[in-house]
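**Student:** A single structure is presented below for examination.
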Amino acid sequence: MKYTCFFTLVIIFLTILMSSSVLAEISGVEKNTTIQAFQENGFLVGEGKMETVDAIALYEAGIIPSCYAINPSTPYMAFKVPKAPGQTTNNTISDAPLHPENKGLWCDFRMRPDEAFVYFGTTPPECDYFSYCGYIALRYFPEENKGKRIYASLGDTINLPRLTEKVYPEGAFEQPIILIFTADQNADQKAREILIQAGYPEEIIFTQVIPESMVRMGLKIEDDTFTTLHRVAFFNDEEAGATYMNSTPGFVLRLTPESPSEPLFYDVPDFIVRGTGDNRELDLLDDVEELRLAIIEKYGAGKTEDLTTKVWIFEGYDAIQRGIDALGDNRDTIYLNTTTTLLGDNPGECIIVYGVNHAATGKATYANFGLYGITALNGIQGVSNHDYTGTAEEFLPDNPNAQYLYVAKISRENDGEQSTSVISSGIGAYGIEPDELCFVGYRMYVEPETSVGPVWNEIAYDRAMKINP
């Protein structure tokens, strides 16, 4: 028994030592050794990084054509990487005009079929949600002789609940992670072997598959560009969150075989199935209608105008097949939005947002909404379940189901309420003008039972009404 205890202590010690070593390597201390290992095994290595991207700033600078319907509640990070060796065509997005230190790095990138990217990083501090996802960014349409944004996800994310379940049961925050982004099984396997030989634990290495049959790989202008997104939502410690988002939590290596090799492509990956068959939210539709009537009674029947809610974005594979813009979709959520309206600056003019609090019902880990201008698709002033929980009880004091509902306001005026989103104008894409068409966009992230977004037909759609004083 004493020998068993001794060996158990040794294993625990070695595990702690390995974890500490990995954190040191991923922070860059052993980066050169890792690069050398890849070079010695036949790869040309280009170095990039993971860093925050500011879609509104990029739009204001004329670098991107829209803000891609960003979630106003969650910041984003992305790979910023060099071109492939010998690549003569440009990619399409670089933030170097805003950050000169990123000259030569691109937020989207073309890829040889036999290439791989490897990200070495640490996960965020404690928060409600985080994920990593790969995308097709731009596709060339020969009939139009131009590239158009597709921005469609290429599979399920690697996210907080699945990392917690599979790798870090004691908590997946501030932990080492390695991501391989590739279409080639051979490149993936070789990169894994080199990483494991270098001392990285196999259990922290994850592959994000590029489904080659759905994309066009290569370095020519007619080939697709790719990108990645690292999303984080609602840090428990805002100061620690700001430190993380303002840092470079990891580096990216572009691995290009010195001699082009014949790739062995992955099949299109299977998706995690959405939905549980549990329609408990739909039992609340009568309560939502009662809430609607209470809102109308408060503001006056002649002053309210219902906006229609509909599915906004389906999924990446749908967008790829139809050649439309998925706006950086994510299978960890669903997207709803309203018909357009105007938010003028008349006293009392506002949009009332209401419905089921999906976090309170347990159909989502968090839910939020924001207002979007139709021109820039710029999400402004996000409001989440952290802000509006408990707000319906004022309207339905005698209804026990009011705890599962919410009411919030989008306004030009600050009424001091936490659930009020105050929209400014005259500040470019950081606001929305009174004469600009706009809409409300909703997200519901991660159904706990499935670890992906809920399915549309099990959700009671959020609603909104325009108040015209």
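Chain labels run A, B, ... following the order of the structure tokens; each chain numbers its residues from 1, and ligands are numbered from 1 in the order shown.
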Give me, as a list in words, all polymer residues having an atom no more than 6 Å from stretch 257-261 of chain A, counting only C-alpha atoms and skipping those fewer than 4 positions away in the same chain.

**Tutor:** Gly42, Phe43 and Leu44 of chain A

**Student:** Once you have the residues from the selection above, write them out as a CSV table (one decimal), in the first residue's frame, restricted to C-alpha atoms.

**Tutor:**
chain,number,residue,atom,x,y,z
A,42,GLY,CA,10.7,18.7,-43.0
A,43,PHE,CA,8.4,21.7,-42.4
A,44,LEU,CA,9.0,25.3,-43.4

**Student:** Excluding A:Leu138 and its own-chain neighbours fewer than 6 positions away, which residues fall within 7 Å of it when counting only C-alpha atoms? Please give them as a list in words.

**Tutor:**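 Surrounding residues, per the criterion: Gly147, Lys148, Arg149, Ile150, Tyr151, Asp224 and Thr225 of chain A.
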
**Student:** Where does DSSP see strand (DSSP E) in stretch 183-240 of chain A, if you list the residues as a list in words?

**Tutor:**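 Here are the strand (DSSP E) residues of stretch 183-240 of chain A: Ile205, Phe206, Thr207, Gln208, Val209, Phe226, Thr227, Thr228, Leu229, His230, Arg231, Val232, Ala233, Phe234 and Phe235 of chain A.
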
**Student:** Go ahead and dump the residues you just picked, N, CA, C and O atoms, as a compact mmCIF listing (two decimals), in the first residue's frame.

**Tutor:**
# COMPACT_ATOMS: atom_id res chain seq x y z
N ILE A 205 -4.21 18.33 -27.33
CA ILE A 205 -4.09 18.63 -28.76
C ILE A 205 -5.41 18.31 -29.44
O ILE A 205 -5.92 17.19 -29.35
N PHE A 206 -5.97 19.29 -30.14
CA PHE A 206 -7.26 19.13 -30.82
C PHE A 206 -7.11 19.52 -32.29
O PHE A 206 -6.37 20.44 -32.63
N THR A 207 -7.84 18.82 -33.14
CA THR A 207 -7.82 19.13 -34.57
C THR A 207 -9.13 19.78 -34.99
O THR A 207 -10.21 19.29 -34.66
N GLN A 208 -9.02 20.90 -35.68
CA GLN A 208 -10.16 21.55 -36.31
C GLN A 208 -10.06 21.24 -37.81
O GLN A 208 -9.15 21.71 -38.49
N VAL A 209 -11.00 20.45 -38.28
CA VAL A 209 -10.94 19.90 -39.63
C VAL A 209 -11.44 20.91 -40.66
O VAL A 209 -12.48 21.54 -40.46
N PHE A 226 -9.24 31.50 -45.57
CA PHE A 226 -9.74 30.92 -44.33
C PHE A 226 -9.44 31.87 -43.18
O PHE A 226 -8.62 32.77 -43.29
N THR A 227 -10.13 31.65 -42.06
CA THR A 227 -9.87 32.44 -40.87
C THR A 227 -10.31 31.64 -39.66
O THR A 227 -10.83 30.52 -39.78
N THR A 228 -10.07 32.19 -38.49
CA THR A 228 -10.47 31.54 -37.24
C THR A 228 -11.09 32.59 -36.32
O THR A 228 -10.86 33.79 -36.50
N LEU A 229 -11.82 32.13 -35.31
CA LEU A 229 -12.31 33.03 -34.27
C LEU A 229 -12.22 32.34 -32.91
O LEU A 229 -12.53 31.15 -32.78
N HIS A 230 -11.78 33.09 -31.95
CA HIS A 230 -11.79 32.68 -30.54
C HIS A 230 -12.74 33.63 -29.83
O HIS A 230 -12.48 34.83 -29.75
N ARG A 231 -13.87 33.10 -29.37
CA ARG A 231 -14.89 33.90 -28.70
C ARG A 231 -14.79 33.71 -27.19
O ARG A 231 -14.54 32.60 -26.71
N VAL A 232 -15.06 34.79 -26.44
CA VAL A 232 -15.12 34.72 -24.99
C VAL A 232 -16.30 35.57 -24.53
O VAL A 232 -16.52 36.66 -25.05
N ALA A 233 -17.07 35.05 -23.54
CA ALA A 233 -18.24 35.79 -23.07
C ALA A 233 -18.28 35.86 -21.55
O ALA A 233 -18.19 34.84 -20.87
N PHE A 234 -18.38 37.08 -21.03
CA PHE A 234 -18.71 37.37 -19.63
C PHE A 234 -17.70 36.78 -18.65
O PHE A 234 -17.93 35.75 -18.02
N PHE A 235 -16.57 37.49 -18.53
CA PHE A 235 -15.56 37.12 -17.54
C PHE A 235 -16.10 37.32 -16.13
O PHE A 235 -16.79 38.31 -15.84

**Student:** Taking only C-alpha atoms into account, produce a table as JSON lines in which each residue of stretch 21-113 of chain A with an atom at most 8 Å from an atom of stretch 423-445 of chain A appears once, together with its shortest atom pair and the distance in Å to one decimal, ordered by chain and rising number.

**Tutor:**
{"residue": "A:Ile56", "atom": "CA", "partner": "A:Ala429", "partner_atom": "CA", "distance": 6.3}
{"residue": "A:Tyr59", "atom": "CA", "partner": "A:Ala429", "partner_atom": "CA", "distance": 7.8}
{"residue": "A:Glu60", "atom": "CA", "partner": "A:Ala429", "partner_atom": "CA", "distance": 6.8}

**Student:** Would you list the contacts of stretch 398-409 of chain A as a PDB file with N, CA and C atoms, in the first residue's frame, taking every protein, DNA or RNA residue within 8 Å and counting only C-alpha atoms, but skipping same-chain residues closer than 5 positions in sequence?

**Tutor:**
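Result saved to part02.pdb:
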ATOM      1  N   LEU A 284     -44.630  28.454 -22.319  1.00  0.00           N
ATOM      2  CA  LEU A 284     -44.657  29.827 -21.802  1.00  0.00           C
ATOM      3  C   LEU A 284     -45.233  30.823 -22.805  1.00  0.00           C
ATOM      4  N   ASP A 287     -47.877  33.060 -21.487  1.00  0.00           N
ATOM      5  CA  ASP A 287     -47.314  34.049 -20.562  1.00  0.00           C
ATOM      6  C   ASP A 287     -46.618  35.174 -21.323  1.00  0.00           C
ATOM      7  N   VAL A 288     -45.946  34.827 -22.431  1.00  0.00           N
ATOM      8  CA  VAL A 288     -45.309  35.853 -23.259  1.00  0.00           C
ATOM      9  C   VAL A 288     -46.367  36.789 -23.837  1.00  0.00           C
ATOM     10  N   CYS A 350     -38.522  54.373 -28.398  1.00  0.00           N
ATOM     11  CA  CYS A 350     -37.657  53.271 -27.968  1.00  0.00           C
ATOM     12  C   CYS A 350     -38.134  51.964 -28.593  1.00  0.00           C
ATOM     13  N   ILE A 351     -37.362  50.920 -28.382  1.00  0.00           N
ATOM     14  CA  ILE A 351     -37.741  49.561 -28.764  1.00  0.00           C
ATOM     15  C   ILE A 351     -37.769  48.740 -27.481  1.00  0.00           C
ATOM     16  N   ILE A 352     -38.887  48.081 -27.223  1.00  0.00           N
ATOM     17  CA  ILE A 352     -39.004  47.208 -26.068  1.00  0.00           C
ATOM     18  C   ILE A 352     -38.751  45.772 -26.527  1.00  0.00           C
ATOM     19  N   VAL A 353     -37.788  45.133 -25.889  1.00  0.00           N
ATOM     20  CA  VAL A 353     -37.431  43.748 -26.199  1.00  0.00           C
ATOM     21  C   VAL A 353     -37.926  42.890 -25.037  1.00  0.00           C
ATOM     22  N   TYR A 354     -38.547  41.768 -25.357  1.00  0.00           N
ATOM     23  CA  TYR A 354     -39.127  40.949 -24.284  1.00  0.00           C
ATOM     24  C   TYR A 354     -39.237  39.501 -24.747  1.00  0.00           C
ATOM     25  N   GLY A 355     -39.571  38.631 -23.809  1.00  0.00           N
ATOM     26  CA  GLY A 355     -39.739  37.225 -24.171  1.00  0.00           C
ATOM     27  C   GLY A 355     -39.266  36.305 -23.080  1.00  0.00           C
ATOM     28  N   VAL A 356     -38.840  35.119 -23.480  1.00  0.00           N
ATOM     29  CA  VAL A 356     -38.388  34.099 -22.547  1.00  0.00           C
ATOM     30  C   VAL A 356     -36.894  34.265 -22.273  1.00  0.00           C
ATOM     31  N   ASN A 357     -36.545  34.208 -21.011  1.00  0.00           N
ATOM     32  CA  ASN A 357     -35.143  34.228 -20.598  1.00  0.00           C
ATOM     33  C   ASN A 357     -34.607  32.806 -20.738  1.00  0.00           C
ATOM     34  N   HIS A 358     -33.897  32.539 -21.808  1.00  0.00           N
ATOM     35  CA  HIS A 358     -33.484  31.175 -22.130  1.00  0.00           C
ATOM     36  C   HIS A 358     -32.480  30.615 -21.122  1.00  0.00           C
ATOM     37  N   ALA A 360     -32.744  31.273 -17.879  1.00  0.00           N
ATOM     38  CA  ALA A 360     -33.570  30.912 -16.735  1.00  0.00           C
ATOM     39  C   ALA A 360     -34.299  29.591 -16.950  1.00  0.00           C
ATOM     40  N   THR A 361     -34.687  29.311 -18.187  1.00  0.00           N
ATOM     41  CA  THR A 361     -35.363  28.036 -18.467  1.00  0.00           C
ATOM     42  C   THR A 361     -34.399  26.867 -18.584  1.00  0.00           C
ATOM     43  N   TYR A 388     -31.042  41.371 -17.581  1.00  0.00           N
ATOM     44  CA  TYR A 388     -32.509  41.470 -17.577  1.00  0.00           C
ATOM     45  C   TYR A 388     -33.224  40.409 -16.749  1.00  0.00           C
ATOM     46  N   THR A 389     -32.501  39.539 -16.058  1.00  0.00           N
ATOM     47  CA  THR A 389     -33.159  38.542 -15.218  1.00  0.00           C
ATOM     48  C   THR A 389     -34.022  39.229 -14.161  1.00  0.00           C
ATOM     49  N   GLY A 390     -35.289  38.798 -14.046  1.00  0.00           N
ATOM     50  CA  GLY A 390     -36.210  39.343 -13.044  1.00  0.00           C
ATOM     51  C   GLY A 390     -36.990  40.563 -13.467  1.00  0.00           C
ATOM     52  N   THR A 391     -36.780  41.042 -14.695  1.00  0.00           N
ATOM     53  CA  THR A 391     -37.410  42.302 -15.103  1.00  0.00           C
ATOM     54  C   THR A 391     -38.882  42.168 -15.478  1.00  0.00           C
ATOM     55  N   ALA A 392     -39.379  40.956 -15.712  1.00  0.00           N
ATOM     56  CA  ALA A 392     -40.785  40.802 -16.120  1.00  0.00           C
ATOM     57  C   ALA A 392     -41.738  40.825 -14.947  1.00  0.00           C
ATOM     58  N   GLU A 393     -41.240  40.647 -13.743  1.00  0.00           N
ATOM     59  CA  GLU A 393     -42.132  40.548 -12.586  1.00  0.00           C
ATOM     60  C   GLU A 393     -42.849  41.862 -12.305  1.00  0.00           C
ATOM     61  N   SER A 419     -30.929  47.067 -17.695  1.00  0.00           N
ATOM     62  CA  SER A 419     -31.425  46.352 -18.869  1.00  0.00           C
ATOM     63  C   SER A 419     -31.749  47.283 -20.032  1.00  0.00           C
ATOM     64  N   THR A 420     -31.388  48.562 -19.923  1.00  0.00           N
ATOM     65  CA  THR A 420     -31.595  49.510 -21.016  1.00  0.00           C
ATOM     66  C   THR A 420     -30.312  49.658 -21.832  1.00  0.00           C
ATOM     67  N   SER A 421     -30.436  49.489 -23.131  1.00  0.00           N
ATOM     68  CA  SER A 421     -29.321  49.668 -24.059  1.00  0.00           C
ATOM     69  C   SER A 421     -29.433  51.064 -24.658  1.00  0.00           C
TER      70      SER A 421
END
